[in-house]
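**Q** Pasting model_37.txt here (compact mmCIF, C-alpha atoms):
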```txt
# COMPACT_ATOMS: atom_id res chain seq x y z
CA MET J 1 0.00 0.00 0.00
CA PRO J 2 1.40 3.45 -0.89
CA ASN J 3 2.58 5.43 2.13
CA LEU J 4 0.85 8.74 1.45
CA PRO J 5 -0.06 11.41 4.04
CA ASP J 6 -3.62 12.29 5.07
CA VAL J 7 -3.68 15.75 3.51
CA VAL J 8 -6.92 16.84 5.19
CA LEU J 9 -5.76 16.05 8.74
CA TRP J 10 -2.42 17.75 8.13
CA SER J 11 -4.26 20.84 6.85
CA ILE J 12 -6.63 21.33 9.82
CA PRO J 13 -4.26 23.76 11.65
CA ALA J 14 -4.03 25.83 8.45
CA PHE J 15 -7.84 25.81 8.14
CA VAL J 16 -8.18 27.15 11.68
CA LEU J 17 -5.46 29.78 11.24
CA LEU J 18 -6.71 31.07 7.88
CA THR J 19 -10.34 31.21 9.05
CA THR J 20 -9.26 33.20 12.11
CA VAL J 21 -7.25 35.59 9.93
CA GLU J 22 -10.24 36.07 7.63
CA ILE J 23 -12.58 36.80 10.56
CA VAL J 24 -10.17 39.39 11.93
CA SER J 25 -9.76 40.87 8.45
CA VAL J 26 -13.54 41.20 8.03
CA ARG J 27 -13.86 42.86 11.44
CA LEU J 28 -11.00 45.31 10.85
CA HIS J 29 -11.76 46.09 7.20
CA PRO J 30 -15.41 45.26 6.52
CA ASP J 31 -16.81 45.31 3.01
CA GLU J 32 -20.41 46.50 3.18
CA ASP J 33 -21.27 44.71 -0.08
CA ALA J 34 -19.81 41.37 1.01
CA ALA J 35 -21.80 38.61 2.70
CA GLY J 36 -19.33 38.51 5.59
CA TYR J 37 -19.69 36.32 8.67
CA GLU J 38 -22.58 35.42 10.94
CA THR J 39 -21.91 33.53 14.16
CA LYS J 40 -24.77 31.01 13.83
CA ASP J 41 -24.02 30.37 10.18
CA ALA J 42 -20.30 29.80 10.81
CA ALA J 43 -21.09 27.52 13.77
CA THR J 44 -23.39 25.45 11.53
CA SER J 45 -20.72 25.17 8.84
CA ILE J 46 -18.10 24.04 11.35
CA SER J 47 -20.56 21.53 12.86
CA MET J 48 -21.26 20.13 9.40
CA GLY J 49 -17.53 19.80 8.78
CA LEU J 50 -16.92 17.95 12.03
CA GLY J 51 -19.89 15.68 11.38
CA SER J 52 -18.62 14.91 7.88
CA LEU J 53 -15.34 13.59 9.32
CA PHE J 54 -17.31 11.01 11.32
CA PHE J 55 -19.73 10.03 8.56
CA ASP J 56 -17.02 9.94 5.90
CA PHE J 57 -15.17 7.41 8.04
CA LEU J 58 -18.28 5.19 8.11
CA TRP J 59 -18.93 5.54 4.36
CA LYS J 60 -15.33 4.66 3.56
CA ILE J 61 -15.79 1.10 4.83
CA PRO J 62 -18.05 -0.12 1.97
CA VAL J 63 -16.41 2.17 -0.59
CA VAL J 64 -12.92 0.88 0.18
CA ALA J 65 -14.26 -2.68 -0.04
CA VAL J 66 -15.62 -2.04 -3.55
CA TYR J 67 -12.50 -0.18 -4.69
CA THR J 68 -10.25 -2.92 -3.33
CA ALA J 69 -12.24 -5.62 -5.13
CA VAL J 70 -12.04 -3.75 -8.44
CA TYR J 71 -8.33 -3.05 -7.94
CA GLU J 72 -7.63 -6.73 -7.29
CA LEU J 73 -9.58 -7.76 -10.38
CA THR J 74 -7.89 -5.43 -12.84
CA PRO J 75 -4.52 -6.52 -14.29
CA LEU J 76 -3.41 -2.90 -14.63
CA ARG J 77 -1.15 -1.16 -12.14
CA VAL J 78 -0.10 2.49 -11.93
CA PRO J 79 3.10 2.88 -9.90
CA VAL J 80 3.15 5.59 -7.25
CA LEU J 81 5.97 7.89 -8.39
CA TRP J 82 6.23 11.67 -8.28
CA TRP J 83 5.29 12.06 -11.95
CA THR J 84 2.47 9.49 -11.84
CA ILE J 85 1.00 11.30 -8.81
CA VAL J 86 0.85 14.46 -10.95
CA LEU J 87 -1.00 12.52 -13.65
CA MET J 88 -3.32 10.95 -11.06
CA LEU J 89 -4.11 14.39 -9.63
CA LEU J 90 -4.98 15.57 -13.12
CA ALA J 91 -7.18 12.52 -13.78
CA GLN J 92 -8.89 12.75 -10.40
CA ASP J 93 -9.66 16.41 -11.04
CA PHE J 94 -11.22 15.48 -14.38
CA PHE J 95 -13.52 12.90 -12.78
CA TYR J 96 -14.22 15.33 -9.92
CA TYR J 97 -15.61 17.75 -12.52
CA TRP J 98 -18.11 15.14 -13.71
CA SER J 99 -18.97 14.07 -10.18
CA HIS J 100 -19.56 17.68 -9.17
CA ARG J 101 -21.61 18.36 -12.28
CA GLY J 102 -23.65 15.21 -11.71
CA HIS J 103 -24.37 16.29 -8.14
CA HIS J 104 -25.93 19.48 -9.49
CA VAL J 105 -28.13 18.02 -12.24
CA ILE J 106 -29.40 14.76 -10.64
CA ARG J 107 -31.67 15.48 -7.71
CA ILE J 108 -30.83 12.47 -5.52
CA LEU J 109 -27.16 13.48 -5.81
CA TRP J 110 -28.03 17.15 -5.27
CA ALA J 111 -29.66 16.10 -1.98
CA CYS J 112 -26.14 15.33 -0.79
CA HIS J 113 -24.34 18.31 -2.31
CA VAL J 114 -26.98 20.96 -1.52
CA VAL J 115 -25.59 21.04 2.02
CA HIS J 116 -22.48 22.80 0.75
CA HIS J 117 -24.56 25.48 -0.99
CA SER J 118 -27.04 26.07 1.83
CA SER J 119 -25.21 29.00 3.43
CA ARG J 120 -26.02 32.56 2.37
CA LYS J 121 -22.50 33.52 3.37
CA PHE J 122 -19.31 32.89 1.42
CA ASN J 123 -16.23 32.65 3.57
CA LEU J 124 -13.66 30.10 4.66
CA SER J 125 -16.06 28.56 7.17
CA THR J 126 -18.42 27.83 4.25
CA ALA J 127 -15.75 25.51 2.83
CA LEU J 128 -16.20 23.35 5.93
CA ARG J 129 -19.95 22.93 5.35
CA GLN J 130 -19.65 19.41 3.98
CA PRO J 131 -22.38 16.76 3.50
CA TRP J 132 -22.86 13.73 5.71
CA THR J 133 -23.87 11.47 2.79
CA SER J 134 -20.81 11.73 0.55
CA VAL J 135 -21.09 8.03 -0.36
CA THR J 136 -22.78 9.22 -3.58
CA SER J 137 -19.44 10.25 -5.14
CA TRP J 138 -17.59 6.93 -5.30
CA PRO J 139 -18.97 5.56 -8.63
CA PHE J 140 -17.49 8.47 -10.58
CA TYR J 141 -13.94 7.38 -9.71
CA LEU J 142 -14.28 3.67 -10.53
CA PRO J 143 -12.59 4.15 -13.95
CA LEU J 144 -9.42 5.27 -12.16
CA ILE J 145 -9.40 2.16 -9.97
CA ALA J 146 -10.09 -0.03 -13.02
CA CYS J 147 -7.09 1.57 -14.73
CA GLY J 148 -4.84 0.46 -11.88
CA VAL J 149 -4.78 3.48 -9.55
CA HIS J 150 -4.42 2.22 -5.99
CA PRO J 151 -7.36 3.21 -3.71
CA ALA J 152 -4.93 4.87 -1.28
CA ALA J 153 -3.48 6.97 -4.11
CA LEU J 154 -7.00 8.00 -5.15
CA ALA J 155 -7.77 8.95 -1.53
CA PHE J 156 -4.63 11.12 -1.47
CA CYS J 157 -5.60 12.88 -4.70
CA SER J 158 -9.18 13.44 -3.51
CA SER J 159 -7.90 14.90 -0.24
CA ALA J 160 -5.51 17.21 -2.07
CA ASN J 161 -8.37 18.40 -4.29
CA LEU J 162 -10.55 19.10 -1.24
CA VAL J 163 -7.77 20.98 0.54
CA TYR J 164 -7.09 23.12 -2.54
CA GLN J 165 -10.73 24.20 -2.62
CA PHE J 166 -10.65 25.52 0.95
CA TRP J 167 -8.96 28.83 0.14
CA ILE J 168 -11.21 29.66 -2.83
CA HIS J 169 -14.22 30.12 -0.49
CA THR J 170 -13.62 33.80 0.23
CA GLU J 171 -14.68 37.28 -0.80
CA ARG J 172 -11.45 38.80 0.49
CA ILE J 173 -9.47 37.88 -2.64
CA ASP J 174 -10.31 39.62 -5.90
CA LYS J 175 -9.28 38.32 -9.31
CA LEU J 176 -5.80 36.83 -9.65
CA PRO J 177 -3.38 37.15 -12.61
CA ARG J 178 -5.00 36.30 -15.95
CA TRP J 179 -2.90 33.18 -16.58
CA TYR J 180 -3.91 31.74 -13.21
CA GLU J 181 -7.58 32.62 -13.70
CA PHE J 182 -7.50 30.91 -17.09
CA ALA J 183 -6.21 27.55 -15.87
CA PHE J 184 -7.07 27.23 -12.19
CA ASN J 185 -10.15 27.47 -10.01
CA THR J 186 -10.04 30.71 -8.04
CA PRO J 187 -12.18 32.61 -5.51
CA SER J 188 -13.68 34.62 -8.38
CA HIS J 189 -14.71 31.48 -10.29
CA HIS J 190 -16.01 29.76 -7.17
CA ARG J 191 -18.08 32.75 -6.09
CA VAL J 192 -19.99 32.32 -9.35
CA HIS J 193 -20.46 28.62 -8.57
CA HIS J 194 -22.05 29.46 -5.21
CA ALA J 195 -24.20 32.29 -6.56
CA SER J 196 -27.97 31.86 -6.86
CA GLN J 197 -28.59 34.17 -9.82
CA ASP J 198 -30.00 32.55 -12.95
CA GLY J 199 -26.89 33.14 -15.04
CA CYS J 200 -24.66 31.52 -12.42
CA LEU J 201 -26.58 28.33 -11.67
CA ASP J 202 -24.79 25.07 -12.52
CA ARG J 203 -21.56 26.74 -13.60
CA ASN J 204 -17.85 26.46 -12.75
CA PHE J 205 -17.74 22.86 -11.46
CA GLY J 206 -13.94 22.51 -11.50
CA GLY J 207 -11.99 21.47 -8.42
CA ILE J 208 -8.37 22.51 -8.91
CA LEU J 209 -8.57 23.33 -12.61
CA ILE J 210 -11.16 25.47 -14.39
CA VAL J 211 -10.11 24.23 -17.83
CA TRP J 212 -12.73 21.45 -17.72
CA ASP J 213 -15.49 24.06 -17.50
CA ARG J 214 -13.96 25.96 -20.39
CA ALA J 215 -13.77 22.75 -22.45
CA PHE J 216 -17.30 21.50 -21.69
CA GLY J 217 -19.20 24.78 -21.85
CA THR J 218 -19.98 25.35 -18.16
CA PHE J 219 -17.64 28.28 -17.49
CA VAL J 220 -19.01 31.71 -16.56
CA PRO J 221 -16.78 34.59 -15.41
CA GLU J 222 -17.63 36.78 -12.44
CA THR J 223 -19.18 39.98 -13.78
CA GLU J 224 -21.48 41.11 -10.96
CA ARG J 225 -21.82 40.89 -7.20
CA CYS J 226 -22.88 37.35 -6.34
CA VAL J 227 -25.87 36.54 -4.15
CA PHE J 228 -25.09 33.35 -2.27
CA GLY J 229 -27.33 30.52 -1.14
CA LEU J 230 -30.09 28.50 -2.75
CA THR J 231 -32.87 29.60 -5.07
CA LYS J 232 -35.16 28.61 -2.17
CA ASN J 233 -33.18 29.10 1.02
CA ILE J 234 -33.70 27.01 4.13
CA GLU J 235 -34.44 28.86 7.36
CA THR J 236 -32.48 26.73 9.82
CA TYR J 237 -29.12 26.46 11.52
CA ASN J 238 -29.83 22.95 12.79
CA PRO J 239 -27.07 20.68 11.35
CA LEU J 240 -29.37 17.65 11.18
CA LYS J 241 -31.96 19.59 9.17
CA VAL J 242 -29.26 21.07 6.94
CA ALA J 243 -27.94 17.57 6.24
CA THR J 244 -31.33 15.99 5.46
CA HIS J 245 -33.74 18.68 4.24
CA GLU J 246 -33.55 17.79 0.53
CA TYR J 247 -33.98 14.08 1.19
CA LEU J 248 -37.14 14.90 3.15
CA SER J 249 -38.33 17.10 0.29
CA ILE J 250 -37.78 14.23 -2.17
CA ALA J 251 -39.73 11.86 0.07
CA LYS J 252 -42.60 14.36 0.23
CA ASP J 253 -42.66 14.70 -3.56
CA LEU J 254 -42.58 10.92 -4.01
CA ARG J 255 -45.60 10.49 -1.74
CA ALA J 256 -47.52 13.06 -3.76
CA ALA J 257 -46.43 11.74 -7.19
CA ALA J 258 -49.21 10.53 -9.47
CA SER J 259 -47.21 7.99 -11.50
CA TRP J 260 -44.00 5.96 -11.54
CA SER J 261 -42.57 8.14 -14.28
CA GLU J 262 -43.09 11.18 -12.07
CA ARG J 263 -41.44 9.37 -9.15
CA ALA J 264 -38.43 8.58 -11.34
CA GLY J 265 -38.27 12.20 -12.46
CA ARG J 266 -38.42 13.48 -8.88
CA VAL J 267 -35.32 11.40 -8.08
CA LEU J 268 -33.25 11.35 -11.27
CA ARG J 269 -34.00 14.64 -13.00
CA GLY J 270 -32.77 18.08 -12.00
CA PRO J 271 -33.56 19.64 -8.59
CA GLY J 272 -36.17 22.01 -10.04
CA TRP J 273 -37.92 19.45 -12.24
CA SER J 274 -41.68 18.97 -12.09
CA PRO J 275 -43.99 17.15 -14.54
CA GLU J 276 -45.77 19.06 -17.25
CA PRO J 277 -49.31 19.89 -16.18
CA ALA J 278 -51.90 17.83 -17.98
CA ALA J 279 -53.45 19.67 -20.90
CA GLU J 280 -57.08 20.52 -20.40
CA PRO J 281 -59.41 18.82 -22.89
CA ALA J 282 -60.70 21.03 -25.69
CA PRO J 283 -64.32 22.10 -25.22
CA GLU J 284 -66.83 20.12 -27.22
CA ARG J 285 -68.24 21.90 -30.20
CA VAL J 286 -71.98 22.24 -30.25
CA ALA J 287 -73.55 21.68 -33.63
```
Could the structure of this file be written out as structure tokens, please?
**A**
Amino acid sequence: MPNLPDVVLWSIPAFVLLTTVEIVSVRLHPDEDAAGYETKDAATSISMGLGSLFFDFLWKIPVVAVYTAVYELTPLRVPVLWWTIVLMLLAQDFFYYWSHRGHHVIRILWACHVVHHSSRKFNLSTALRQPWTSVTSWPFYLPLIACGVHPAALAFCSSANLVYQFWIHTERIDKLPRWYEFAFNTPSHHRVHHASQDGCLDRNFGGILIVWDRAFGTFVPETERCVFGLTKNIETYNPLKVATHEYLSIAKDLRAAASWSERAGRVLRGPGWSPEPAAEPAPERVA
């Protein structure tokens, strides 16, 4: 098994330090147009992050079992060298794009990911607002395991991707040099991703790189002040409700559905999908 560090655990002190610096920065130099911080909101985000560490550990048990079985079955092997790790990071970021995009356009997957978008603030504590049902992501990375990437190497790459995305959850950094904005995900690009305006929905899915969005037509630059949150915001700071509210909404819609096709649509179509209303019959003509 490759001996690779747990990037997330090693980064926790940096998360705490940078969040503290940002809070002090906001207090000393507030931006009236920025979303800023709110104590209850930040506490909810931190609670969601701590909870995700526990639930992710539980979900890893079946996921690692599946990955290990696939890895043992494939004859392919990718050695863990410095240059192959670079290639694996690139490949993992590519599949992360499709996983992230899928979690926005398939409602049952959105029920997991919506947690991360449920805050109306956009700061470093928002990066910690992670779901408790992240088991929905593992199928997207099966091709990497089938190609011979060791599950531990994939875990390292996924952790590195997650850690990179921490610092881009801020309003304190404006646009970076053009070459960096062109290739990499930045606070400017990610603000658009978290915005709730019509022109920003389902855009900028990249993790480390933004080139996937440019290649597949989902890139939108930041051109206006972003309004953060959901199109229909939830009025709660309760972590349990934040973690489960969309699943409960799906269950409610399934109970009210009139057909199996509608039930399938409520689960597998986009978050805002609803069936077309039945056309009213034309009035009978009187001779």
**Q** I need the residue nearest Gln92 of chain J from this list: J:Cys112, J:Val192, J:Val24, J:Phe140. Use all atoms listed in the file for the distance.
**A**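 Of all the options, J:Phe140 lies closest to Gln92 of chain J.
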**Q** Report, in Å with one decimal, the straight-line distance from atom CA of Ser119 of chain J to atom CA of Arg172 of chain J.
**A**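 Taking atom CA of Ser119 of chain J and atom CA of Arg172 of chain J, their separation equals 17.1 Å.
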**Q** Have a look at atom CA of Val114 of chain J and atom CA of Val135 of chain J and let me know their distance in Å, one decimal.
**A** 14.3 Å
**Q** Fewer than 6 positions away in the same chain doesn't count, so skip those; otherwise give me all residues within 8 Å of segment 223-237 of chain J, counting all atoms listed in the file, as a PyMOL selection string.
**A** chain J and resi 35+40-41+44+117-122+191-192+194-197
**Q** Give me the residues within 7 Å of segment 74-85 of chain J as a list in words, counting all atoms listed in the file and dropping any in the same chain fewer than 3 places off.
**A**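 Contacts, in chain order: Pro2, Val70, Tyr71, Met88, Leu89, Ala146, Cys147, Gly148 and Val149 of chain J.
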**Q** List the residues sitting within 7 Å of (-24.7, 12.3, 3.2) in the file's frame, using all atoms listed in the file, as a PDB file with C-alpha atoms, in the frame of the given file.
**A**
```
ATOM      1  CA  CYS J 112     -26.140  15.330  -0.790  1.00  0.00           C
ATOM      2  CA  PRO J 131     -22.380  16.760   3.500  1.00  0.00           C
ATOM      3  CA  TRP J 132     -22.860  13.730   5.710  1.00  0.00           C
ATOM      4  CA  THR J 133     -23.870  11.470   2.790  1.00  0.00           C
ATOM      5  CA  SER J 134     -20.810  11.730   0.550  1.00  0.00           C
ATOM      6  CA  VAL J 135     -21.090   8.030  -0.360  1.00  0.00           C
ATOM      7  CA  ALA J 243     -27.940  17.570   6.240  1.00  0.00           C
TER       8      ALA J 243
END
```
**Q** Given the choices J:Gln165, J:Thr126, J:Asn204, J:Thr19, which gets closest to His104 of chain J if the distance is worked out from only C-alpha atoms?
**A**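 Looking only at the distances to His104 of chain J, the closest residue turns out to be J:Asn204.
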**Q** Let me have the centre and edge lengths in Å, one decimal, of the box along x, y and z around every listed atom of segment 56-65 of chain J with 5 Å of margin on each side, as AutoDock Vina command-line options.
**A**
```
--center_x -15.9 --center_y 3.6 --center_z 3.8 --size_x 16.0 --size_y 22.6 --size_z 18.7
```
**Q** In Å, how far is it from atom CA of Asp198 of chain J to atom CA of Val26 of chain J?
**A**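 Separation of atom CA of Asp198 of chain J and atom CA of Val26 of chain J: 28.0 Å.
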**Q** Excluding Tyr97 of chain J and any residue of its chain fewer than 2 positions from it, enumerate the residues within 6 Å of it, using only C-alpha atoms, and give them as an mmCIF file with C-alpha atoms, in the coordinates of the input.
**A**
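Saved to selection_33.cif:
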```cif
data_model
loop_
_atom_site.group_PDB
_atom_site.id
_atom_site.type_symbol
_atom_site.label_atom_id
_atom_site.label_comp_id
_atom_site.auth_asym_id
_atom_site.auth_seq_id
_atom_site.Cartn_x
_atom_site.Cartn_y
_atom_site.Cartn_z
ATOM 1 C CA PHE J 94 -11.220 15.480 -14.380
ATOM 2 C CA PHE J 95 -13.520 12.900 -12.780
ATOM 3 C CA SER J 99 -18.970 14.070 -10.180
ATOM 4 C CA HIS J 100 -19.560 17.680 -9.170
ATOM 5 C CA PHE J 205 -17.740 22.860 -11.460
ATOM 6 C CA GLY J 206 -13.940 22.510 -11.500
#
```
**Q** Tell me which protein, DNA and RNA residues are within 7 Å of Gly49 of chain J, counting all atoms listed in the file, leaving out same-chain ones fewer than 2 positions away, and put them as a short mmCIF file (atom, residue, chain, number, x, y, z; two decimals) with C-alpha atoms, keeping the file's coordinate frame.
**A**
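The file below, selection_5.cif, is the result:
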```cif
data_model
loop_
_atom_site.label_atom_id
_atom_site.label_comp_id
_atom_site.auth_asym_id
_atom_site.auth_seq_id
_atom_site.Cartn_x
_atom_site.Cartn_y
_atom_site.Cartn_z
CA SER J 45 -20.72 25.17 8.84
CA ILE J 46 -18.10 24.04 11.35
CA SER J 47 -20.56 21.53 12.86
CA GLY J 51 -19.89 15.68 11.38
CA SER J 52 -18.62 14.91 7.88
CA LEU J 53 -15.34 13.59 9.32
CA LEU J 128 -16.20 23.35 5.93
CA ARG J 129 -19.95 22.93 5.35
CA GLN J 130 -19.65 19.41 3.98
#
```
**Q** Pick out the closest residue to Trp10 of chain J from this set: J:Ala91, J:Ile210, J:Leu268, J:Val163. Count all atoms listed in the file.
**A**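 Checking each of J:Ala91, J:Ile210, J:Leu268, J:Val163 against Trp10 of chain J, counting all atoms listed in the file, the winner is J:Val163.
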**Q** Which residue is closest to Glu171 of chain J? Choose from J:Ser259, J:Ser188, J:Asn3, J:Ser11 and count all atoms listed in the file.
**A** J:Ser188
**Q** Write out as an mmCIF file with C-alpha atoms, keeping the file's coordinate frame each polymer residue whose atoms come within 12 Å of Phe184 of chain J, counting all atoms listed in the file; drop sequence neighbours fewer than 6 positions from it.
**A**
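Saved as selection.cif:
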```
data_model
loop_
_atom_site.group_PDB
_atom_site.id
_atom_site.type_symbol
_atom_site.label_atom_id
_atom_site.label_comp_id
_atom_site.auth_asym_id
_atom_site.auth_seq_id
_atom_site.Cartn_x
_atom_site.Cartn_y
_atom_site.Cartn_z
ATOM 1 C CA LEU J 90 -4.980 15.570 -13.120
ATOM 2 C CA ASP J 93 -9.660 16.410 -11.040
ATOM 3 C CA ASN J 161 -8.370 18.400 -4.290
ATOM 4 C CA TYR J 164 -7.090 23.120 -2.540
ATOM 5 C CA GLN J 165 -10.730 24.200 -2.620
ATOM 6 C CA ILE J 168 -11.210 29.660 -2.830
ATOM 7 C CA LYS J 175 -9.280 38.320 -9.310
ATOM 8 C CA LEU J 176 -5.800 36.830 -9.650
ATOM 9 C CA PRO J 177 -3.380 37.150 -12.610
ATOM 10 C CA ARG J 178 -5.000 36.300 -15.950
ATOM 11 C CA HIS J 190 -16.010 29.760 -7.170
ATOM 12 C CA ASN J 204 -17.850 26.460 -12.750
ATOM 13 C CA PHE J 205 -17.740 22.860 -11.460
ATOM 14 C CA GLY J 206 -13.940 22.510 -11.500
ATOM 15 C CA GLY J 207 -11.990 21.470 -8.420
ATOM 16 C CA ILE J 208 -8.370 22.510 -8.910
ATOM 17 C CA LEU J 209 -8.570 23.330 -12.610
ATOM 18 C CA ILE J 210 -11.160 25.470 -14.390
ATOM 19 C CA VAL J 211 -10.110 24.230 -17.830
ATOM 20 C CA TRP J 212 -12.730 21.450 -17.720
ATOM 21 C CA ASP J 213 -15.490 24.060 -17.500
ATOM 22 C CA ARG J 214 -13.960 25.960 -20.390
ATOM 23 C CA PHE J 219 -17.640 28.280 -17.490
#
```
**Q** For each of J:Val220, J:Ile173, J:Ile250, J:Ala258, take the minimum atom-to-atom distance to His189 of chain J, counting only C-alpha atoms, then give the residue where this is smallest.
**A**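 Looking only at the distances to His189 of chain J, the closest residue turns out to be J:Val220.
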**Q** Find the residue from J:Val21, J:Ala111, J:Ala43, J:Ala155 that sits nearest to Tyr67 of chain J; use only C-alpha atoms when measuring.
**A** J:Ala155
